[in-house]
file input-v5.txt (compact mmCIF, C-alpha atoms)
# COMPACT_ATOMS: atom_id res chain seq x y z
CA MET P 1 107.38 132.72 306.75
CA ASN P 2 110.71 131.97 308.44
CA ILE P 3 111.02 128.53 310.00
CA ALA P 4 114.04 127.31 311.97
CA VAL P 5 114.70 123.57 312.15
CA THR P 6 117.28 121.56 314.11
CA GLY P 7 118.62 118.05 313.44
CA LEU P 8 120.56 118.66 310.22
CA ASN P 9 122.92 115.84 311.18
CA ALA P 10 122.19 113.66 308.16
CA THR P 11 124.80 111.10 309.24
CA ASP P 12 124.65 107.33 309.74
CA ASN P 13 122.61 108.13 312.85
CA PRO P 14 120.50 110.75 311.14
CA GLY P 15 118.42 113.51 312.65
CA PRO P 16 115.08 114.38 311.03
CA GLY P 17 115.93 117.99 310.10
CA VAL P 18 116.82 117.44 306.45
CA PRO P 19 113.74 115.34 305.54
CA LEU P 20 111.58 117.72 307.56
CA ILE P 21 112.81 120.72 305.55
CA ARG P 22 112.43 118.77 302.33
CA SER P 23 108.81 117.94 303.24
CA ILE P 24 107.93 121.52 304.21
CA ARG P 25 109.44 122.89 300.99
CA GLU P 26 107.10 120.57 299.06
CA GLY P 27 104.05 121.67 301.09
CA GLU P 28 101.25 122.95 298.87
CA GLY P 29 101.26 126.72 298.96
CA PHE P 30 104.39 127.00 301.10
CA SER P 31 106.60 129.99 300.61
CA GLY P 32 109.26 131.08 303.03
CA ASN P 33 112.73 130.47 304.34
CA LEU P 34 113.98 127.41 306.14
CA ILE P 35 116.81 128.09 308.52
CA GLY P 36 119.04 125.42 310.05
CA LEU P 37 119.94 125.55 313.74
CA ILE P 38 123.01 123.38 314.11
CA TYR P 39 125.30 122.08 316.82
CA ASP P 40 128.33 121.20 314.70
CA SER P 41 130.03 122.84 311.72
CA LEU P 42 130.08 119.54 309.85
CA GLU P 43 126.41 118.63 310.01
CA PRO P 44 125.84 117.51 306.40
CA GLY P 45 122.52 119.36 306.07
CA ILE P 46 124.43 122.67 306.16
CA TYR P 47 126.12 121.87 302.86
CA MET P 48 123.20 120.27 301.05
CA LYS P 49 121.81 122.24 298.17
CA ASP P 50 118.23 123.51 298.50
CA ILE P 51 117.84 122.46 302.11
CA ALA P 52 118.53 125.31 304.57
CA SER P 53 118.75 128.83 303.13
CA LYS P 54 120.88 129.86 306.12
CA CYS P 55 122.39 128.03 309.11
CA TYR P 56 123.33 129.18 312.61
CA LEU P 57 125.31 127.39 315.30
CA ILE P 58 123.45 127.09 318.60
CA PRO P 59 124.80 125.93 321.99
CA TYR P 60 124.38 122.32 323.10
CA PRO P 61 121.48 121.68 325.51
CA SER P 62 124.03 120.99 328.26
CA SER P 63 125.10 124.67 328.12
CA GLY P 64 121.83 125.66 329.75
CA LEU P 65 118.54 127.18 328.64
CA GLU P 66 119.54 130.81 329.08
CA GLN P 67 122.44 130.49 326.65
CA LEU P 68 120.15 128.83 324.13
CA TYR P 69 117.51 131.53 324.56
CA GLN P 70 120.05 134.35 324.14
CA ARG P 71 121.39 132.74 320.96
CA ILE P 72 117.86 132.38 319.59
CA LEU P 73 117.28 136.08 320.36
CA GLN P 74 120.37 136.98 318.27
CA ILE P 75 119.18 134.82 315.38
CA HIS P 76 115.64 136.17 315.71
CA GLU P 77 116.89 139.75 315.33
CA LYS P 78 118.39 138.86 311.96
CA GLU P 79 115.88 136.37 310.64
CA LYS P 80 112.54 137.34 312.24
CA LEU P 81 111.66 133.75 313.01
CA ASP P 82 107.99 132.73 312.91
CA LEU P 83 108.41 129.13 314.03
CA ILE P 84 111.04 126.80 315.51
CA ILE P 85 110.77 123.03 315.03
CA PRO P 86 113.22 121.22 317.31
CA CYS P 87 113.81 117.67 316.10
CA LEU P 88 116.15 115.98 318.56
CA ASP P 89 115.17 114.06 321.70
CA SER P 90 117.87 115.70 323.80
CA GLU P 91 116.70 119.27 323.12
CA LEU P 92 112.93 118.79 323.45
CA TYR P 93 112.68 119.31 327.20
CA GLY P 94 114.64 122.55 326.87
CA PHE P 95 112.51 123.89 324.04
CA ALA P 96 109.31 122.80 325.81
CA LYS P 97 110.41 124.85 328.83
CA LEU P 98 111.23 127.81 326.59
CA GLN P 99 108.01 127.78 324.57
CA ASP P 100 106.28 130.55 326.55
CA ARG P 101 109.32 132.83 326.36
CA LEU P 102 109.63 132.18 322.65
CA SER P 103 105.94 132.85 322.15
CA ALA P 104 106.36 136.19 323.98
CA ILE P 105 108.85 137.34 321.33
CA GLY P 106 106.68 136.13 318.47
CA ILE P 107 108.24 132.72 317.79
CA LYS P 108 105.76 129.88 317.62
CA THR P 109 106.45 126.23 318.44
CA PHE P 110 104.25 123.14 318.22
CA LEU P 111 105.50 121.01 321.07
CA PRO P 112 104.17 118.62 323.69
CA THR P 113 104.03 119.78 327.30
CA ILE P 114 106.60 118.56 329.84
CA ASP P 115 103.91 116.26 331.30
CA GLN P 116 103.22 114.76 327.87
CA LEU P 117 106.94 114.25 327.32
CA ASN P 118 107.15 112.49 330.68
CA ILE P 119 104.20 110.16 330.02
CA ARG P 120 105.96 108.62 327.01
CA ALA P 121 109.41 108.53 328.61
CA LYS P 122 110.94 105.07 328.76
CA ASP P 123 110.50 104.86 332.53
CA ASN P 124 106.75 105.71 332.37
CA LEU P 125 105.63 104.06 329.14
CA PHE P 126 104.84 100.73 330.80
CA ASP P 127 102.38 102.28 333.28
CA PHE P 128 100.78 104.41 330.57
CA CYS P 129 100.22 101.42 328.28
CA LYS P 130 98.95 99.18 331.07
CA SER P 131 96.37 101.72 332.21
CA ASN P 132 95.15 102.20 328.63
CA GLY P 133 94.93 98.60 327.48
CA ILE P 134 97.91 98.76 325.11
CA ASN P 135 100.25 95.76 324.95
CA VAL P 136 103.70 96.59 326.25
CA PRO P 137 106.67 94.38 327.22
CA LYS P 138 107.08 93.74 330.96
CA ASN P 139 109.52 96.15 332.47
CA ILE P 140 111.51 96.85 335.66
CA LEU P 141 113.29 100.10 336.45
CA ALA P 142 116.70 99.44 337.95
CA ASN P 143 117.83 102.26 340.19
CA SER P 144 120.68 100.40 341.80
CA LEU P 145 122.80 97.33 341.31
CA GLN P 146 120.61 95.59 343.88
CA ASP P 147 117.63 95.83 341.50
CA MET P 148 119.49 93.67 338.99
CA TYR P 149 119.08 90.71 341.30
CA SER P 150 115.29 90.88 340.89
CA ILE P 151 115.57 89.89 337.19
CA PRO P 152 115.18 86.11 337.71
CA ASN P 153 111.92 86.66 339.57
CA ASN P 154 110.45 88.65 336.70
CA PHE P 155 111.85 87.56 333.33
CA ASN P 156 113.40 84.74 331.43
CA TYR P 157 116.52 85.58 329.42
CA PRO P 158 117.17 87.11 326.97
CA ILE P 159 116.15 90.57 328.22
CA ALA P 160 116.56 94.06 326.78
CA VAL P 161 118.64 96.48 328.87
CA LYS P 162 117.95 100.08 327.92
CA GLY P 163 119.32 103.50 328.83
CA ILE P 164 116.88 106.18 329.90
CA PHE P 165 117.52 108.28 326.76
CA TYR P 166 119.39 106.14 324.22
CA ASP P 167 121.09 102.78 323.68
CA ALA P 168 119.85 99.27 324.27
CA TYR P 169 121.51 95.88 324.63
CA ILE P 170 120.18 92.35 324.49
CA ALA P 171 121.47 90.26 327.40
CA ASN P 172 121.34 86.48 327.35
CA ASN P 173 122.37 85.95 330.97
CA PHE P 174 123.01 87.84 334.19
CA GLU P 175 126.65 88.61 333.35
CA GLU P 176 125.70 90.20 330.02
CA ALA P 177 122.88 92.14 331.71
CA LEU P 178 125.32 93.43 334.34
CA THR P 179 127.83 94.56 331.68
CA ALA P 180 125.08 96.42 329.80
CA PHE P 181 123.77 97.87 333.07
CA ASN P 182 127.19 99.30 333.95
CA LYS P 183 127.75 100.78 330.48
CA LEU P 184 124.36 102.49 330.50
CA ARG P 185 124.65 103.65 334.13
CA VAL P 186 127.90 105.47 333.35
CA LYS P 187 126.65 106.94 330.08
CA TRP P 188 123.03 107.91 330.80
CA GLY P 189 122.54 107.52 334.56
CA TYR P 190 119.59 105.90 336.34
CA PRO P 191 117.11 104.41 335.91
CA ILE P 192 118.13 101.56 333.65
CA ILE P 193 115.15 99.86 331.99
CA LEU P 194 115.12 96.07 332.11
CA GLN P 195 112.57 94.89 329.59
CA GLU P 196 111.06 91.59 328.56
CA PHE P 197 112.51 90.64 325.16
CA ILE P 198 109.79 89.87 322.63
CA ARG P 199 110.85 88.01 319.54
CA GLY P 200 109.25 89.23 316.34
CA ASP P 201 109.26 91.79 313.57
CA GLU P 202 109.58 95.52 314.19
CA PHE P 203 107.16 98.10 312.82
CA ASN P 204 107.16 101.90 313.05
CA VAL P 205 104.54 104.60 312.67
CA VAL P 206 105.09 108.30 312.02
CA ALA P 207 102.18 110.36 313.31
CA LEU P 208 101.04 113.89 314.13
CA GLY P 209 98.74 114.90 316.98
CA ASP P 210 96.96 118.27 317.12
CA GLY P 211 97.11 118.63 320.92
CA LYS P 212 93.36 118.18 321.27
CA GLY P 213 93.35 114.40 321.07
CA ASN P 214 93.03 114.12 317.28
CA MET P 215 95.41 112.21 315.06
CA VAL P 216 96.01 114.50 312.07
CA GLY P 217 97.70 111.71 310.15
CA ALA P 218 99.83 108.59 310.46
CA VAL P 219 101.82 106.33 308.14
CA PRO P 220 103.07 102.86 309.20
CA MET P 221 106.37 101.55 307.89
CA ARG P 222 108.43 98.37 308.05
CA LYS P 223 112.20 98.63 307.85
CA LEU P 224 113.57 96.62 304.94
CA TYR P 225 117.23 97.23 305.67
CA ILE P 226 118.77 97.95 309.06
CA THR P 227 122.31 99.21 309.65
CA ASP P 228 124.61 97.87 312.34
CA LYS P 229 123.51 100.86 314.45
CA GLY P 230 119.93 99.63 314.17
CA LYS P 231 118.89 102.48 311.89
CA GLY P 232 116.45 101.90 309.06
CA TRP P 233 118.25 102.41 305.75
CA ALA P 234 115.28 101.35 303.64
CA GLY P 235 111.62 100.89 304.44
CA VAL P 236 108.17 100.42 302.93
CA THR P 237 104.78 101.93 303.83
CA LEU P 238 102.19 99.44 305.04
CA ASP P 239 98.45 98.98 304.95
CA ASN P 240 98.03 98.01 308.60
CA PRO P 241 94.82 99.09 310.36
CA ILE P 242 95.89 97.60 313.72
CA LEU P 243 98.97 99.84 313.94
CA MET P 244 96.86 102.85 312.93
CA GLU P 245 94.30 102.05 315.62
CA ILE P 246 96.89 101.79 318.41
CA SER P 247 98.61 105.01 317.27
CA LYS P 248 95.27 106.83 317.29
CA LYS P 249 94.56 105.58 320.79
CA VAL P 250 97.94 106.80 322.07
CA ILE P 251 97.43 110.28 320.58
CA GLU P 252 93.87 110.48 321.96
CA LYS P 253 94.91 109.46 325.46
CA VAL P 254 97.97 111.75 325.68
CA LYS P 255 96.46 114.58 323.61
CA TRP P 256 99.82 114.62 321.88
CA ARG P 257 100.80 117.92 320.33
CA SER P 258 103.59 117.43 317.79
CA GLY P 259 105.07 114.83 315.49
CA MET P 260 105.98 111.45 316.91
CA GLU P 261 107.32 108.02 316.05
CA LEU P 262 105.85 104.88 317.58
CA GLU P 263 107.93 101.71 317.61
CA PHE P 264 106.19 98.35 317.75
CA ILE P 265 107.10 94.70 317.73
CA LYS P 266 104.75 91.98 316.48
CA SER P 267 105.23 88.96 318.70
CA ALA P 268 106.21 85.91 316.65
CA GLU P 269 104.55 83.83 319.36
CA THR P 270 101.13 85.51 319.74
CA GLY P 271 100.91 87.72 316.62
CA GLU P 272 100.03 90.69 318.84
CA TYR P 273 101.61 94.13 318.56
CA TYR P 274 103.55 95.52 321.53
CA LEU P 275 104.43 99.19 321.87
CA LEU P 276 108.16 99.44 322.52
CA GLU P 277 108.81 103.18 322.47
CA ILE P 278 107.33 106.56 321.65
CA ASN P 279 109.84 109.01 320.24
CA PRO P 280 108.61 112.57 320.83
CA ARG P 281 109.48 113.94 317.38
CA PHE P 282 109.32 113.02 313.72
CA PRO P 283 111.73 110.24 312.72
CA ALA P 284 114.56 110.58 310.18
CA TRP P 285 112.40 108.65 307.67
CA VAL P 286 109.60 111.26 307.85
CA TYR P 287 109.97 112.14 304.14
CA LEU P 288 108.24 108.83 303.43
CA ALA P 289 105.01 110.36 304.83
CA PRO P 290 104.58 113.09 302.16
CA SER P 291 105.81 110.59 299.56
CA ALA P 292 102.90 108.33 300.54
CA GLY P 293 100.38 111.18 300.50
CA GLN P 294 100.53 112.71 303.99
CA ASN P 295 102.74 115.76 304.35
CA LEU P 296 102.80 115.60 308.14
CA PRO P 297 105.67 118.11 308.60
CA TYR P 298 103.83 120.74 306.57
CA ALA P 299 100.62 119.95 308.46
CA LEU P 300 102.57 120.64 311.68
CA VAL P 301 103.66 124.03 310.28
CA ARG P 302 100.07 124.92 309.44
CA LEU P 303 98.82 123.84 312.88
CA ALA P 304 101.57 125.87 314.55
CA MET P 305 100.52 128.93 312.56
CA GLY P 306 96.97 128.51 313.84
CA GLU P 307 95.39 127.11 310.70
CA ASP P 308 92.69 124.44 310.74
CA VAL P 309 94.05 121.23 309.29
CA GLU P 310 91.72 118.47 308.13
CA PRO P 311 92.96 115.03 309.22
CA PHE P 312 94.45 112.91 306.43
CA THR P 313 92.23 109.95 305.59
CA ASN P 314 94.45 107.82 303.39
CA TYR P 315 97.94 107.17 302.08
CA THR P 316 99.58 104.79 299.63
CA SER P 317 101.07 101.51 300.84
CA GLY P 318 104.05 99.98 299.05
CA ILE P 319 106.03 103.25 298.86
CA ILE P 320 109.70 102.57 299.54
CA PHE P 321 112.53 104.78 300.77
CA VAL P 322 116.15 103.82 300.28
CA ARG P 323 118.67 106.05 302.04
CA SER P 324 121.96 106.72 300.28
CA SER P 325 125.35 108.07 301.19
CA TRP P 326 126.72 110.84 298.99
CA ASP P 327 129.88 112.90 299.33
CA LEU P 328 129.24 116.64 299.39
CA ILE P 329 132.13 118.79 298.27
CA THR P 330 132.77 122.20 299.79
CA SER P 331 135.75 124.48 300.32
CA ILE P 332 137.65 125.46 303.44
CA LYS P 333 136.30 129.01 302.93
CA GLU P 334 132.74 127.77 303.28
CA TYR P 335 133.62 125.69 306.31
CA GLU P 336 135.33 128.73 307.84
CA LYS P 337 132.10 130.73 307.70
CA ILE P 338 130.26 128.35 309.96
CA ALA P 339 133.20 127.33 312.15
CA THR P 340 134.40 130.89 312.82
CA PHE P 341 131.35 133.09 312.55
CA GLY P 342 128.69 130.57 313.59
CA GLU P 343 126.57 131.18 310.52
CA TYR P 344 126.52 130.12 306.91
CA MET X 1 89.90 70.57 299.91
CA THR X 2 89.14 73.51 302.27
CA ASN X 3 88.24 76.78 300.55
CA TYR X 4 90.65 79.66 300.91
CA ILE X 5 90.68 83.29 299.83
CA VAL X 6 93.50 85.70 299.15
CA PRO X 7 93.29 88.82 301.41
CA GLN X 8 92.01 91.78 299.39
CA ASN X 9 95.07 93.98 299.82
CA VAL X 10 97.59 91.36 298.63
CA ALA X 11 98.74 92.19 295.11
CA ILE X 12 100.59 90.09 292.54
CA SER X 13 102.20 91.50 289.42
CA ASP X 14 102.46 89.85 286.00
CA SER X 15 106.03 88.84 286.78
CA GLY X 16 104.91 86.92 289.88
CA PHE X 17 106.11 89.54 292.40
CA LEU X 18 103.88 89.45 295.43
CA PHE X 19 103.58 92.21 298.05
CA GLN X 20 101.92 91.77 301.44
CA PRO X 21 101.10 95.38 302.44
CA ALA X 22 100.22 94.54 306.05
CA THR X 23 103.73 93.34 306.85
CA GLY X 24 105.89 94.84 304.08
CA GLU X 25 107.12 91.40 303.01
CA SER X 26 107.56 90.64 299.33
CA TYR X 27 107.93 87.31 297.51
CA THR X 28 108.60 86.06 294.00
CA LEU X 29 106.55 83.19 292.62
CA ASN X 30 107.58 80.99 289.72
CA GLU X 31 105.26 80.32 286.78
CA ILE X 32 103.29 77.53 288.44
CA GLY X 33 103.09 79.45 291.73
CA LYS X 34 101.80 82.48 289.86
CA LEU X 35 99.20 80.40 288.01
CA ILE X 36 97.95 78.83 291.24
CA PHE X 37 97.93 82.11 293.16
CA LYS X 38 95.96 83.87 290.44
CA MET X 39 93.45 80.97 290.40
CA LEU X 40 93.12 81.24 294.20
CA GLN X 41 92.53 84.98 293.77
CA SER X 42 89.69 84.27 291.37
CA ASN X 43 88.17 81.80 293.86
CA SER X 44 88.92 78.63 291.85
CA SER X 45 88.47 75.40 293.80
CA GLY X 46 91.31 72.98 294.62
CA GLU X 47 89.96 70.55 292.04
CA GLN X 48 89.94 73.22 289.32
CA ILE X 49 93.53 74.20 290.17
CA ILE X 50 94.74 70.59 290.09
CA GLU X 51 92.99 70.00 286.78
CA LYS X 52 94.52 73.15 285.26
CA VAL X 53 98.06 72.38 286.45
CA CYS X 54 97.81 68.76 285.21
CA GLU X 55 96.65 70.02 281.84
CA GLU X 56 99.28 72.78 281.52
CA TYR X 57 102.26 70.80 282.81
CA ASP X 58 101.36 67.24 281.91
CA ALA X 59 101.58 66.19 285.56
CA GLU X 60 99.91 63.50 287.67
CA ALA X 61 96.94 64.64 289.75
CA LYS X 62 98.18 62.89 292.92
CA SER X 63 101.54 64.65 292.96
CA VAL X 64 99.98 68.03 292.00
CA GLU X 65 97.50 67.66 294.88
CA ARG X 66 100.34 67.00 297.36
CA ASP X 67 102.39 69.96 296.07
CA LEU X 68 99.34 72.20 296.11
CA GLU X 69 98.74 71.37 299.78
CA ASP X 70 102.37 72.25 300.58
CA PHE X 71 102.11 75.50 298.65
CA ILE X 72 98.87 76.44 300.43
CA THR X 73 100.49 75.72 303.81
CA GLN X 74 103.29 78.13 302.91
CA LEU X 75 100.87 80.82 301.72
CA LYS X 76 98.88 80.51 304.97
CA HIS X 77 102.10 80.77 306.99
CA TYR X 78 102.91 84.10 305.34
CA SER X 79 99.29 85.35 305.76
CA LEU X 80 98.83 85.38 302.00
CA LEU X 81 95.80 83.12 302.23
CA LYS X 82 93.03 82.77 304.77
CA LEU X 83 90.02 80.52 305.28
CA SER X 84 87.01 81.71 303.34
call {"tool": "encode", "arguments": {"input": "input-v5.txt", "output": "structure tokens"}}
result
Amino acid sequence: MNIAVTGLNATDNPGPGVPLIRSIREGEGFSGNLIGLIYDSLEPGIYMKDIASKCYLIPYPSSGLEQLYQRILQIHEKEKLDLIIPCLDSELYGFAKLQDRLSAIGIKTFLPTIDQLNIRAKDNLFDFCKSNGINVPKNILANSLQDMYSIPNNFNYPIAVKGIFYDAYIANNFEEALTAFNKLRVKWGYPIILQEFIRGDEFNVVALGDGKGNMVGAVPMRKLYITDKGKGWAGVTLDNPILMEISKKVIEKVKWRSGMELEFIKSAETGEYYLLEINPRFPAWVYLAPSAGQNLPYALVRLAMGEDVEPFTNYTSGIIFVRSSWDLITSIKEYEKIATFGEY
Amino acid sequence: MTNYIVPQNVAISDSGFLFQPATGESYTLNEIGKLIFKMLQSNSSGEQIIEKVCEEYDAEAKSVERDLEDFITQLKHYSLLKLS
């Protein structure tokens, strides 16, 4: 079996490609090749031992779908791909649009539909949660500067000001909110999400939906160490039935088909959990799932290949991951291969 | 004294390291804390705990009772103890 995976950017803002490959390699009965699809010649996953057996440069999503498709065709001719697992938020819409064309040439995917991607998007999550009885912070979509003036009628400061795809700022007054609004408007465009700020502890869940409304598995985690970019650098698996219940409900309602990460906050005031975001792919800490007893990435591979996968029923709490930084050494000759020829 | 129980999934090691698996928080208890927590886990009453601590540490019952109440308040705050 030949599986291509993106997101080999194991940097301080890591993609999930490396832990995904690591998980699949450890899948019971797995044999095959794992191929990296990369956007940059210095993605660390390229140079890691025993991760990708081969890597190919692919064009950025902004280059357009046709270019991406043509590049995949070239790679497919050499590698006879069975499955592609895209791992980055920014490429998911493109791959979701390409899934029928990929299927026609024999490449499987296991992705949500465009509608499912839209339901969990930051500008729609509030409505989805409200109509399904899931706690969610109050939220306004700002589509113009004028909308900023409606903040005092809706929230007390501080508020969270979020970009449609990435980035978030906490604003303690109107001036700070306006500065954040302008930064995000220039970088990500409209709408800007103005969200009620809930004080409390953050919790995350990695989960897998089978596309029929069933949760194949899920593992909750609490970050123990957070970098200045807000990334979890250490975390521990939890025994938390409430988080599991909410995650199951989300997957049932959306009929989610893929891996996902749910981000929650537990209000220090009420003790209730609020759903902050749904990321439409496995998180960079996904290797914690197989380490706790649920190899969700390998389960995704099996589902994509049409196998029946029994839902996981348990996992171990108290399993900790600690991320590390490690200098990989390579030569200019190796770097040349990927930078000049687009493959390694 | 009100009766309390330790939630089933809360674990304490021999060194006094305590892990709350619902929240991911961990704590370290000293010798007396560990003794009291283990007695709470085995459903000992407040009176039994006070008696044991007085005996082990040659302390006065009144001050042990006050400290025990403080300790229980802290445990409840961290969801390490709930009403039985």
call {"tool": "closest_residue", "arguments": {"input": "input-v5.txt", "among": "X:Ala11, X:Leu83, X:Ala61, X:Leu75", "to": "chain P", "atoms": "all atoms listed in the file"}}
result
X:Ala11
call {"tool": "interface_residues", "arguments": {"input": "input-v5.txt", "of": "chain P", "to": "chain X", "cutoff": "7 Å", "atoms": "only C-alpha atoms", "output": "short mmCIF file (atom, residue, chain, number, x, y, z; two decimals) with C-alpha atoms, in the coordinates of the input"}}
result
data_model
loop_
_atom_site.label_atom_id
_atom_site.label_comp_id
_atom_site.auth_asym_id
_atom_site.auth_seq_id
_atom_site.Cartn_x
_atom_site.Cartn_y
_atom_site.Cartn_z
CA ARG P 222 108.43 98.37 308.05
CA VAL P 236 108.17 100.42 302.93
CA LEU P 238 102.19 99.44 305.04
CA ASP P 239 98.45 98.98 304.95
CA ASN P 240 98.03 98.01 308.60
CA SER P 317 101.07 101.51 300.84
CA GLY P 318 104.05 99.98 299.05
#
call {"tool": "atom_distance", "arguments": {"input": "input-v5.txt", "atom1": "atom CA of X:Leu35", "atom2": "atom CA of P:Thr237"}}
result
27.3 Å
call {"tool": "atom_distance", "arguments": {"input": "input-v5.txt", "atom1": "atom CA of P:Gly293", "atom2": "atom CA of P:Glu261"}}
result
17.3 Å
call {"tool": "atom_distance", "arguments": {"input": "input-v5.txt", "atom1": "atom CA of P:Ser41", "atom2": "atom CA of P:Leu68"}}
result
17.0 Å
call {"tool": "closest_residue", "arguments": {"input": "input-v5.txt", "among": "X:Leu18, X:Val64, X:Leu29, X:Leu40", "to": "X:Lys82", "atoms": "all atoms listed in the file"}}
result
X:Leu40
call {"tool": "residues_around", "arguments": {"input": "input-v5.txt", "residues": "P:Phe110", "least_positions_apart": "3", "cutoff": "12 Å", "atoms": "only C-alpha atoms", "output": "VMD selection string"}}
result
chain P and resid 3 82 to 87 92 95 to 96 98 to 100 102 to 103 107 113 208 to 211 256 to 260 280 to 281 297 to 306
